[in-house]
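See below for upload.cif, which holds mmCIF, C-alpha atoms.
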```cif
data_model
loop_
_atom_site.label_atom_id
_atom_site.label_comp_id
_atom_site.auth_asym_id
_atom_site.auth_seq_id
_atom_site.Cartn_x
_atom_site.Cartn_y
_atom_site.Cartn_z
CA MET A 3 4.51 3.08 -40.95
CA PRO A 4 4.04 5.49 -38.02
CA ASP A 5 7.10 6.43 -35.97
CA PHE A 6 6.82 6.06 -32.19
CA GLU A 7 9.07 6.54 -29.18
CA THR A 8 8.11 3.57 -26.97
CA LEU A 9 6.77 0.97 -29.43
CA TYR A 10 6.50 0.15 -33.09
CA ILE A 11 3.96 -1.49 -35.37
CA ARG A 12 4.46 -3.16 -38.73
CA LYS A 13 2.83 -5.75 -40.91
CA ASP A 14 4.14 -9.27 -40.54
CA ALA A 15 6.61 -10.04 -43.29
CA SER A 16 4.97 -13.37 -44.19
CA ASN A 17 1.34 -12.32 -43.83
CA PRO A 18 0.38 -8.64 -44.25
CA ARG A 19 -3.06 -9.41 -42.79
CA ILE A 20 -1.31 -9.57 -39.40
CA ALA A 21 -0.01 -6.42 -37.70
CA ARG A 22 2.76 -6.81 -35.10
CA LEU A 23 2.59 -4.19 -32.32
CA VAL A 24 5.79 -4.39 -30.26
CA LEU A 25 6.33 -2.61 -26.94
CA ASN A 26 9.91 -1.44 -27.38
CA ARG A 27 11.64 -0.29 -24.21
CA PRO A 28 13.60 -3.50 -23.52
CA GLU A 29 16.15 -1.70 -21.33
CA ARG A 30 13.25 -0.86 -18.95
CA LEU A 31 11.42 -4.20 -19.39
CA ASN A 32 9.01 -2.28 -21.67
CA ALA A 33 7.79 -0.26 -18.69
CA ILE A 34 4.93 2.15 -19.41
CA GLY A 35 6.17 5.72 -19.76
CA GLU A 36 4.31 8.97 -20.29
CA ALA A 37 4.06 8.42 -24.06
CA THR A 38 3.17 4.71 -24.07
CA PRO A 39 -0.64 4.82 -23.67
CA ARG A 40 -1.06 7.49 -26.39
CA GLU A 41 1.25 5.66 -28.76
CA LEU A 42 -0.53 2.37 -28.14
CA ARG A 43 -3.85 3.91 -29.12
CA GLN A 44 -2.34 5.55 -32.20
CA ALA A 45 -0.76 2.27 -33.31
CA VAL A 46 -4.08 0.44 -32.98
CA GLU A 47 -5.83 3.22 -34.90
CA TRP A 48 -3.25 2.87 -37.67
CA ALA A 49 -3.97 -0.86 -37.92
CA ASP A 50 -7.73 -0.24 -37.76
CA ALA A 51 -7.50 2.12 -40.72
CA ASP A 52 -5.63 -0.38 -42.91
CA ASP A 53 -8.10 -2.67 -44.68
CA GLU A 54 -5.38 -5.25 -45.33
CA VAL A 55 -4.90 -5.84 -41.59
CA HIS A 56 -7.27 -8.41 -40.06
CA VAL A 57 -5.65 -9.15 -36.69
CA ILE A 58 -3.19 -7.42 -34.34
CA VAL A 59 -0.54 -9.28 -32.31
CA VAL A 60 0.78 -7.38 -29.27
CA GLU A 61 4.15 -8.38 -27.82
CA GLY A 62 7.17 -7.06 -25.97
CA ALA A 63 10.78 -6.68 -27.06
CA GLY A 64 13.56 -8.21 -24.99
CA LYS A 65 13.06 -10.25 -21.83
CA GLY A 66 9.34 -9.76 -21.25
CA PHE A 67 5.98 -8.38 -22.31
CA CYS A 68 5.67 -5.37 -19.96
CA GLY A 69 6.78 -4.74 -16.38
CA GLY A 70 4.07 -2.18 -15.63
CA TYR A 71 4.34 1.56 -15.09
CA ASP A 72 7.88 2.92 -14.92
CA LEU A 73 8.30 3.52 -11.18
CA THR A 74 11.42 5.60 -11.70
CA VAL A 75 8.99 8.16 -13.13
CA PHE A 76 5.71 7.42 -11.35
CA GLY A 77 6.91 6.09 -7.98
CA GLN A 78 10.36 7.34 -7.15
CA GLY A 79 10.26 10.83 -8.60
CA GLU A 80 9.46 13.94 -6.58
CA VAL A 81 7.99 16.10 -9.34
CA ASP A 82 4.27 16.77 -8.86
CA HIS A 83 2.27 14.67 -11.28
CA PRO A 84 -1.49 13.99 -11.64
CA CYS A 85 -1.08 10.44 -10.35
CA GLN A 86 1.72 11.25 -7.89
CA GLN A 87 0.67 14.54 -6.38
CA GLU A 88 3.08 16.02 -3.85
CA ARG A 89 0.71 18.87 -3.01
CA PHE A 90 -1.89 18.49 -0.27
CA PRO A 91 -4.76 17.99 -0.43
CA TRP A 92 -4.54 16.00 -3.61
CA ASP A 93 -6.95 16.62 -6.48
CA PRO A 94 -8.79 13.34 -7.18
CA MET A 95 -10.31 14.60 -10.43
CA ALA A 96 -6.90 15.49 -11.87
CA ASP A 97 -5.74 11.99 -11.02
CA TYR A 98 -8.91 10.42 -12.44
CA ALA A 99 -8.69 12.35 -15.71
CA TYR A 100 -5.09 11.26 -16.26
CA MET A 101 -5.61 7.59 -15.43
CA LYS A 102 -8.97 7.38 -17.19
CA ARG A 103 -7.31 8.57 -20.37
CA ASN A 104 -4.63 5.89 -20.00
CA THR A 105 -7.34 3.27 -19.45
CA GLU A 106 -9.17 4.41 -22.57
CA ASP A 107 -5.92 4.23 -24.53
CA PHE A 108 -5.28 0.65 -23.39
CA MET A 109 -8.89 -0.19 -24.22
CA ALA A 110 -8.25 0.74 -27.85
CA LEU A 111 -7.14 -2.90 -28.10
CA TRP A 112 -10.53 -4.04 -26.82
CA ARG A 113 -12.56 -1.56 -28.90
CA SER A 114 -10.70 -2.24 -32.13
CA PRO A 115 -12.95 -3.99 -34.69
CA LYS A 116 -10.00 -6.29 -35.34
CA PRO A 117 -9.11 -9.18 -33.02
CA THR A 118 -6.10 -8.52 -30.79
CA ILE A 119 -3.79 -11.22 -29.42
CA ALA A 120 -1.36 -10.71 -26.54
CA LYS A 121 1.77 -12.81 -26.99
CA VAL A 122 3.20 -13.00 -23.47
CA HIS A 123 6.70 -14.03 -22.48
CA GLY A 124 8.57 -13.02 -19.36
CA HIS A 125 6.37 -10.77 -17.23
CA ALA A 126 3.06 -9.04 -17.97
CA VAL A 127 2.51 -7.43 -14.60
CA ALA A 128 0.83 -4.40 -13.01
CA GLY A 129 -0.07 -1.97 -15.81
CA GLY A 130 1.45 -4.44 -18.26
CA SER A 131 -1.26 -6.95 -17.33
CA ASP A 132 -3.84 -4.26 -18.13
CA ILE A 133 -2.45 -4.07 -21.66
CA ALA A 134 -2.44 -7.85 -22.03
CA LEU A 135 -5.97 -8.27 -20.69
CA CYS A 136 -7.38 -5.56 -22.95
CA CYS A 137 -6.46 -7.87 -25.83
CA ASP A 138 -9.13 -10.32 -26.94
CA LEU A 139 -6.94 -13.40 -26.72
CA LEU A 140 -3.89 -14.38 -24.69
CA VAL A 141 -1.14 -16.80 -25.68
CA MET A 142 1.46 -17.35 -22.98
CA ALA A 143 4.77 -19.10 -22.53
CA GLU A 144 4.64 -21.72 -19.80
CA ASP A 145 7.12 -19.80 -17.65
CA ALA A 146 5.61 -16.36 -18.28
CA ARG A 147 4.06 -14.55 -15.29
CA ILE A 148 0.99 -12.34 -15.16
CA GLY A 149 -0.51 -10.51 -12.20
CA TYR A 150 -1.08 -7.17 -10.49
CA MET A 151 1.25 -6.93 -7.50
CA PRO A 152 0.35 -3.28 -6.71
CA THR A 153 -3.01 -4.42 -5.33
CA ARG A 154 -0.97 -4.97 -2.14
CA VAL A 155 -0.36 -1.21 -1.99
CA TRP A 156 -0.40 1.71 -4.45
CA GLY A 157 -2.67 0.40 -7.17
CA CYS A 158 -6.05 -0.85 -8.39
CA PRO A 159 -6.33 -2.30 -11.93
CA THR A 160 -8.14 0.47 -13.78
CA THR A 161 -9.31 -1.73 -16.66
CA ALA A 162 -11.18 -4.03 -14.20
CA MET A 163 -10.53 -6.86 -16.63
CA TRP A 164 -9.53 -9.48 -14.05
CA THR A 165 -13.11 -10.12 -12.98
CA PHE A 166 -14.45 -10.21 -16.53
CA ARG A 167 -11.70 -12.58 -17.66
CA LEU A 168 -11.49 -14.84 -14.59
CA GLY A 169 -14.74 -14.53 -12.65
CA PRO A 170 -15.12 -13.15 -9.13
CA THR A 171 -13.58 -15.95 -7.04
CA ARG A 172 -10.21 -16.16 -8.77
CA ALA A 173 -10.10 -12.41 -9.41
CA LYS A 174 -10.50 -11.83 -5.66
CA GLN A 175 -7.70 -14.28 -4.92
CA LEU A 176 -5.27 -12.39 -7.14
CA MET A 177 -6.43 -8.95 -6.00
CA PHE A 178 -6.24 -9.85 -2.29
CA THR A 179 -2.76 -11.37 -2.55
CA GLY A 180 -1.06 -9.47 -5.37
CA ASP A 181 0.30 -12.83 -6.53
CA THR A 182 1.32 -13.58 -10.10
CA ILE A 183 0.49 -16.80 -11.92
CA ASP A 184 2.45 -18.60 -14.61
CA GLY A 185 1.27 -19.46 -18.09
CA ARG A 186 0.22 -22.99 -17.12
CA THR A 187 -2.05 -21.72 -14.35
CA ALA A 188 -3.40 -18.94 -16.58
CA ALA A 189 -4.41 -21.57 -19.15
CA ASP A 190 -5.89 -23.87 -16.49
CA TRP A 191 -7.97 -20.97 -15.14
CA GLY A 192 -9.19 -19.95 -18.59
CA LEU A 193 -7.29 -16.65 -18.58
CA ALA A 194 -4.96 -17.70 -21.39
CA ASN A 195 -6.26 -19.28 -24.60
CA ALA A 196 -3.06 -21.28 -25.00
CA CYS A 197 0.12 -22.02 -23.08
CA VAL A 198 3.21 -23.44 -24.75
CA PRO A 199 6.95 -23.80 -24.06
CA ALA A 200 8.72 -20.50 -24.57
CA ALA A 201 10.50 -21.79 -27.67
CA GLN A 202 7.13 -22.46 -29.30
CA LEU A 203 5.44 -19.17 -28.39
CA GLU A 204 6.04 -17.42 -31.70
CA GLU A 205 4.81 -20.40 -33.73
CA ALA A 206 1.70 -20.94 -31.61
CA THR A 207 0.77 -17.25 -31.63
CA MET A 208 1.21 -16.90 -35.37
CA GLN A 209 -0.76 -20.07 -36.11
CA LEU A 210 -3.69 -18.59 -34.21
CA ALA A 211 -3.27 -15.19 -35.85
CA GLN A 212 -3.09 -16.70 -39.33
CA ARG A 213 -6.21 -18.80 -38.70
CA ILE A 214 -8.10 -15.65 -37.67
CA ALA A 215 -6.64 -13.58 -40.51
CA GLY A 216 -8.43 -15.73 -43.10
CA VAL A 217 -11.86 -14.62 -41.85
CA PRO A 218 -13.44 -11.54 -43.50
CA ARG A 219 -12.94 -8.34 -41.51
CA SER A 220 -16.68 -7.68 -41.30
CA HIS A 221 -17.33 -11.06 -39.71
CA LEU A 222 -14.54 -10.59 -37.19
CA ALA A 223 -15.86 -7.14 -36.28
CA MET A 224 -19.42 -8.40 -35.77
CA HIS A 225 -18.41 -11.37 -33.62
CA LYS A 226 -16.17 -9.17 -31.49
CA LEU A 227 -18.92 -6.59 -31.07
CA VAL A 228 -21.38 -9.22 -29.85
CA VAL A 229 -19.01 -10.52 -27.15
CA ASN A 230 -17.96 -7.01 -26.12
CA GLN A 231 -21.60 -6.00 -25.82
CA VAL A 232 -22.15 -8.78 -23.28
CA MET A 233 -19.27 -7.39 -21.17
CA LEU A 234 -20.70 -3.88 -21.42
CA ALA A 235 -24.12 -5.13 -20.36
CA GLN A 236 -22.46 -6.75 -17.34
CA GLY A 237 -21.17 -3.35 -16.26
CA LEU A 238 -17.63 -3.12 -17.62
CA GLU A 239 -17.65 0.67 -18.04
CA GLN A 240 -19.07 1.26 -14.55
CA SER A 241 -16.50 -1.11 -13.05
CA GLN A 242 -13.67 0.72 -14.81
CA GLN A 243 -14.92 4.06 -13.52
CA LEU A 244 -14.92 2.81 -9.93
CA ALA A 245 -11.56 1.08 -10.32
CA THR A 246 -9.94 4.22 -11.74
CA VAL A 247 -11.21 6.35 -8.84
CA PHE A 248 -9.98 3.74 -6.35
CA ASP A 249 -6.60 3.58 -8.11
CA GLY A 250 -6.08 7.26 -7.35
CA ILE A 251 -7.06 6.76 -3.73
CA THR A 252 -4.59 3.90 -3.28
CA ARG A 253 -1.78 6.22 -4.37
CA HIS A 254 -2.73 9.11 -2.08
CA ASN A 255 -4.07 7.53 1.11
CA PRO A 256 -1.61 7.02 4.03
CA GLU A 257 -0.50 3.61 2.76
CA GLY A 258 0.08 4.85 -0.77
CA LEU A 259 1.92 7.95 0.42
CA TRP A 260 4.15 5.79 2.63
CA PHE A 261 5.01 3.60 -0.37
CA ARG A 262 5.93 6.65 -2.46
CA ARG A 263 8.00 8.22 0.33
CA TYR A 264 9.81 4.94 0.93
CA ALA A 265 10.53 4.63 -2.81
CA GLN A 266 11.86 8.19 -2.87
CA ALA A 267 14.11 7.51 0.13
CA GLU A 268 15.30 3.98 -0.61
CA GLY A 269 14.63 3.52 -4.33
CA PHE A 270 11.74 1.82 -6.08
CA LYS A 271 13.43 -1.59 -5.99
CA ALA A 272 13.48 -1.54 -2.19
CA ALA A 273 9.86 -0.37 -2.06
CA VAL A 274 8.73 -3.10 -4.45
CA GLN A 275 10.71 -5.71 -2.52
CA TRP A 276 8.87 -4.72 0.69
CA ARG A 277 5.51 -4.69 -1.10
CA ASP A 278 5.94 -8.14 -2.59
CA SER A 279 7.70 -9.83 0.33
CA GLY A 280 4.54 -10.60 2.28
CA GLN A 281 5.60 -8.65 5.36
CA PRO A 282 2.89 -6.32 6.72
CA ILE A 283 2.58 -3.02 4.88
CA PRO A 284 2.35 0.04 7.16
CA GLU A 285 -1.19 1.38 7.39
CA GLY A 286 -3.17 4.05 9.19
CA GLU A 287 -1.30 5.77 12.04
CA ASP A 288 1.75 3.55 11.54
CA ALA A 289 1.96 4.71 7.92
CA ARG A 290 1.56 8.36 8.94
CA ALA A 291 4.33 8.03 11.53
CA ARG A 292 6.69 6.50 9.01
CA ILE A 293 5.85 9.22 6.46
CA ALA A 294 6.71 11.88 9.05
CA GLU A 295 9.99 10.09 9.81
CA LEU A 296 10.93 9.88 6.14
CA ASP A 297 9.98 13.52 5.55
CA GLU A 298 12.11 14.59 8.53
CA ARG A 299 15.05 12.54 7.26
CA LYS A 300 14.71 14.23 3.87
CA ARG A 301 14.52 17.68 5.48
CA ARG A 302 17.68 17.05 7.51
CA GLY A 303 19.45 15.79 4.42
CA GLN A 304 18.53 18.93 2.47
CA GLN A 305 19.76 21.14 5.31
CA GLY A 306 23.07 19.28 5.35
CA GLN A 307 23.74 19.91 1.69
#
```
Representation of the structure as C-alpha cells:
Amino acid sequence: MPDFETLYIRKDASNPRIARLVLNRPERLNAIGEATPRELRQAVEWADADDEVHVIVVEGAGKGFCGGYDLTVFGQGEVDHPCQQERFPWDPMADYAYMKRNTEDFMALWRSPKPTIAKVHGHAVAGGSDIALCCDLLVMAEDARIGYMPTRVWGCPTTAMWTFRLGPTRAKQLMFTGDTIDGRTAADWGLANACVPAAQLEEATMQLAQRIAGVPRSHLAMHKLVVNQVMLAQGLEQSQQLATVFDGITRHNPEGLWFRRYAQAEGFKAAVQWRDSGQPIPEGEDARARIAELDERKRRGQQGQ
C-alpha cells in the first residue's frame, strides 16, 4: 500500500474489489493542504493499476468528509503563494497553473476507469465539494451538508461540476447564495444517489459498492466512458478552464484581497463568519478603503514591535 501524508488507501477487508480512499486530517476536518491533491491523484492511480479493484469509495476520517482548502495556509498566511499572491500586480498564469493542476488531480476520480463513490458525512464544502462531485456517485447522510460557500467571496468552483450535476437553475441558486444543502435536499435535487440516516451510511455505501464490484472492470470502464463523453461534449473542459481563471480573479480582485487581509488581521474564522453571515461583503472602493485601513493597522503594529 502507498504511504501518504494527508490520506490513505487500502482494500476493503471484506471485499478486495473495493478500495477505500480516506481523507485523513481529522484534526483539520480533512482540510485540503498542499500535498492533498497530488496524493489524491496518486491514490487513484494506485487503485487504477490494481486489477483486483473494481470500485473506489472516497470518505473522510473523523467528523466530516472535507471542509475545503485549509485557510490557515491559503487564507490567513502572509507568505506569497501562487493562489495567494502578496506581490502586485498578481500573476494570473501562475495562479491558473497551480489551481488547474489541483483541478486535474481532483478529476483523477472522474477520469478513473473505475467507478468512484463519495461517502459523505458531516461537511463536504468548498474545495471538499469539488472532491465529492468529481466522484461518479454520491451517498450522503441525511444531516450531511454540501455546498460552496466561497462563491460569496474568494472562490469559484474550479471543477465546474455543480452545473453538470444539478443543471443551470439550481446550480445558479447555490452559486449566487453560497448556501449549503443537506443530504435530503441533495437527494431530492438529484445530486446525491442516496440519502440515509447517518448510522446507516456505511451499510448503504458498501451495498452500492459491492453491487458495482460484481460487474467486470471492462464493462464498468466502457459505461463510465460513455457518460463522461457526454459531459465532455457539453463543454466540461472549457467550463473548467473558465472557472479556474475566474477562481484566481476572485482571490485577487478588491473583494478577494479584502477577505484575505481581514483573515490575516482577525483570523480565518472571523473572515468566514462575515462571509457566511449574509451581511454585505465590501466591494469596489469600499473594499479598497478597508484594505488600506487594514494595511495601515498592520504597519503600525510592526512599527510598535
Please provide as number ranges by chain all residues within 12 Å of Ile58 (chain A), with the sequence filter that same-chain residues fewer than 3 positions apart are discarded (counting all atoms listed in the file).
A: 11-14, 17-24, 42, 45-50, 52, 54-55, 61, 110-112, 114-121, 137-140, 207-208, 210-212, 214-215
Write out as CSV the residues of region 102-215 of chain A that have any atom within 8 Å of an atom of region 248-255 of chain A, one row each with the nearest atom pair and its distance in Å to one decimal, counting only C-alpha atoms, sorted by chain and then rising number.
```
residue,atom,partner,partner_atom,distance
A:Val155,CA,A:Thr252,CA,6.8
A:Trp156,CA,A:Arg253,CA,4.7
A:Gly157,CA,A:Asp249,CA,5.1
A:Cys158,CA,A:Asp249,CA,4.5
A:Pro159,CA,A:Asp249,CA,7.0
A:Thr160,CA,A:Asp249,CA,6.6
```
As a check of understanding, name the residues that the PyMOL selection byres ((chain A and resi 284-298) around 9) selects in the supplied structure, as a PyMOL selection string.
chain A and resi 255-261+263-264+267+282-283+299-303
Selected residue of minimal separation from Gly280 (chain A) among A:Gly216, A:Gly180, A:Gly124, A:Gly185, counting only C-alpha atoms
A:Gly180
Correct to one decimal, the distance CA of Gly64 (chain A)-CA of Pro28 (chain A) is 4.9 Å
Padded axis-aligned box of region 128-139 of chain A (8 Å per side), centre and edge lengths, Å, one decimal, as lines of an AutoDock Vina configuration file:
```
center_x = -3.8
center_y = -7.7
center_z = -20.0
size_x = 26.6
size_y = 27.4
size_z = 29.9
```
Between CA of Arg27 (chain A) and CA of Tyr150 (chain A), what is the spacing in Å?
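We find that CA of Tyr150 (chain A) and CA of Arg27 (chain A) lie 19.9 Å from each other.
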Atom pair CA of Asp132 (chain A) / CA of Trp92 (chain A): separation (Å)
24.9 Å
Excluding same-chain residues fewer than 6 positions from Met177 (chain A), what lies within 10 Å of it counting all atoms listed in the file, as an mmCIF file with C-alpha atoms, keeping the file's coordinate frame?
```cif
data_model
loop_
_atom_site.group_PDB
_atom_site.id
_atom_site.type_symbol
_atom_site.label_atom_id
_atom_site.label_comp_id
_atom_site.auth_asym_id
_atom_site.auth_seq_id
_atom_site.Cartn_x
_atom_site.Cartn_y
_atom_site.Cartn_z
ATOM 1 C CA GLY A 149 -0.510 -10.510 -12.200
ATOM 2 C CA TYR A 150 -1.080 -7.170 -10.490
ATOM 3 C CA MET A 151 1.250 -6.930 -7.500
ATOM 4 C CA PRO A 152 0.350 -3.280 -6.710
ATOM 5 C CA THR A 153 -3.010 -4.420 -5.330
ATOM 6 C CA ARG A 154 -0.970 -4.970 -2.140
ATOM 7 C CA CYS A 158 -6.050 -0.850 -8.390
ATOM 8 C CA PRO A 159 -6.330 -2.300 -11.930
ATOM 9 C CA TRP A 164 -9.530 -9.480 -14.050
ATOM 10 C CA THR A 165 -13.110 -10.120 -12.980
#
```
With distances taken over all atoms listed in the file, which of A:Asn26, A:Cys136, A:Gln281, A:Ala143 is nearest to Val198 (chain A)?
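Among the listed residues, the smallest separation from Val198 (chain A) belongs to A:Ala143.
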Restricting the calculation to all atoms listed in the file, which member of A:Ser241, A:Thr179, A:Leu135, A:Val229 is positioned closest to Asn195 (chain A)?
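Closest residue, counting all atoms listed in the file: A:Leu135.
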Please list as a list in words every residue within 9 Å of Val75 (chain A), counting all atoms listed in the file and excluding residues in the same chain fewer than 5 positions away.
Gly35, Glu36, Glu80 and Val81 of chain A
Of the listed residues A:Ala146, A:Ala265, A:Cys68, A:Ala273, that which approaches Ala200 (chain A) most closely, counting only C-alpha atoms:
A:Ala146
Please enumerate the residues selected by the PyMOL selection byres ((chain A and resi 191) around 12) when evaluated against the supplied file, formatted as a CSV table (one decimal) with C-alpha atoms, in the frame of the given file.
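The new file out.csv reads:
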```csv
chain,number,residue,atom,x,y,z
A,164,TRP,CA,-9.5,-9.5,-14.0
A,167,ARG,CA,-11.7,-12.6,-17.7
A,168,LEU,CA,-11.5,-14.8,-14.6
A,169,GLY,CA,-14.7,-14.5,-12.6
A,171,THR,CA,-13.6,-16.0,-7.0
A,172,ARG,CA,-10.2,-16.2,-8.8
A,173,ALA,CA,-10.1,-12.4,-9.4
A,183,ILE,CA,0.5,-16.8,-11.9
A,184,ASP,CA,2.4,-18.6,-14.6
A,185,GLY,CA,1.3,-19.5,-18.1
A,186,ARG,CA,0.2,-23.0,-17.1
A,187,THR,CA,-2.0,-21.7,-14.4
A,188,ALA,CA,-3.4,-18.9,-16.6
A,189,ALA,CA,-4.4,-21.6,-19.2
A,190,ASP,CA,-5.9,-23.9,-16.5
A,192,GLY,CA,-9.2,-20.0,-18.6
A,193,LEU,CA,-7.3,-16.6,-18.6
A,194,ALA,CA,-5.0,-17.7,-21.4
A,195,ASN,CA,-6.3,-19.3,-24.6
A,196,ALA,CA,-3.1,-21.3,-25.0
A,197,CYS,CA,0.1,-22.0,-23.1
```
Hits from the PyMOL selection byres ((chain A and resi 242) around 9), listed as a PDB file with C-alpha atoms, in the frame of the given file:
```
ATOM      1  CA  LYS A 102      -8.970   7.380 -17.190  1.00  0.00           C
ATOM      2  CA  THR A 105      -7.340   3.270 -19.450  1.00  0.00           C
ATOM      3  CA  PRO A 159      -6.330  -2.300 -11.930  1.00  0.00           C
ATOM      4  CA  THR A 160      -8.140   0.470 -13.780  1.00  0.00           C
ATOM      5  CA  THR A 161      -9.310  -1.730 -16.660  1.00  0.00           C
ATOM      6  CA  ALA A 162     -11.180  -4.030 -14.200  1.00  0.00           C
ATOM      7  CA  MET A 163     -10.530  -6.860 -16.630  1.00  0.00           C
ATOM      8  CA  GLY A 237     -21.170  -3.350 -16.260  1.00  0.00           C
ATOM      9  CA  LEU A 238     -17.630  -3.120 -17.620  1.00  0.00           C
ATOM     10  CA  GLU A 239     -17.650   0.670 -18.040  1.00  0.00           C
ATOM     11  CA  GLN A 240     -19.070   1.260 -14.550  1.00  0.00           C
ATOM     12  CA  SER A 241     -16.500  -1.110 -13.050  1.00  0.00           C
ATOM     13  CA  GLN A 243     -14.920   4.060 -13.520  1.00  0.00           C
ATOM     14  CA  LEU A 244     -14.920   2.810  -9.930  1.00  0.00           C
ATOM     15  CA  ALA A 245     -11.560   1.080 -10.320  1.00  0.00           C
ATOM     16  CA  THR A 246      -9.940   4.220 -11.740  1.00  0.00           C
ATOM     17  CA  VAL A 247     -11.210   6.350  -8.840  1.00  0.00           C
TER      18      VAL A 247
END
```
I need the residue nearest Gln209 (chain A) from this list: A:Asp82, A:Phe67, A:Val141, A:Ala126. Use all atoms listed in the file for the distance.
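Using all atoms listed in the file, the shortest distance to Gln209 (chain A) belongs to A:Val141.
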With distances taken over only C-alpha atoms, which of A:Phe166, A:Thr74, A:Ala37, A:Leu176 is nearest to Val232 (chain A)?
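The answer is A:Phe166, which sits nearest to Val232 (chain A).
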Region 29-32 of chain A surroundings by all atoms listed in the file, 9 Å radius, close-in-sequence under 2 positions cut, as number ranges by chain
A: 8-9, 25-27, 34-35, 62-72, 125, 130
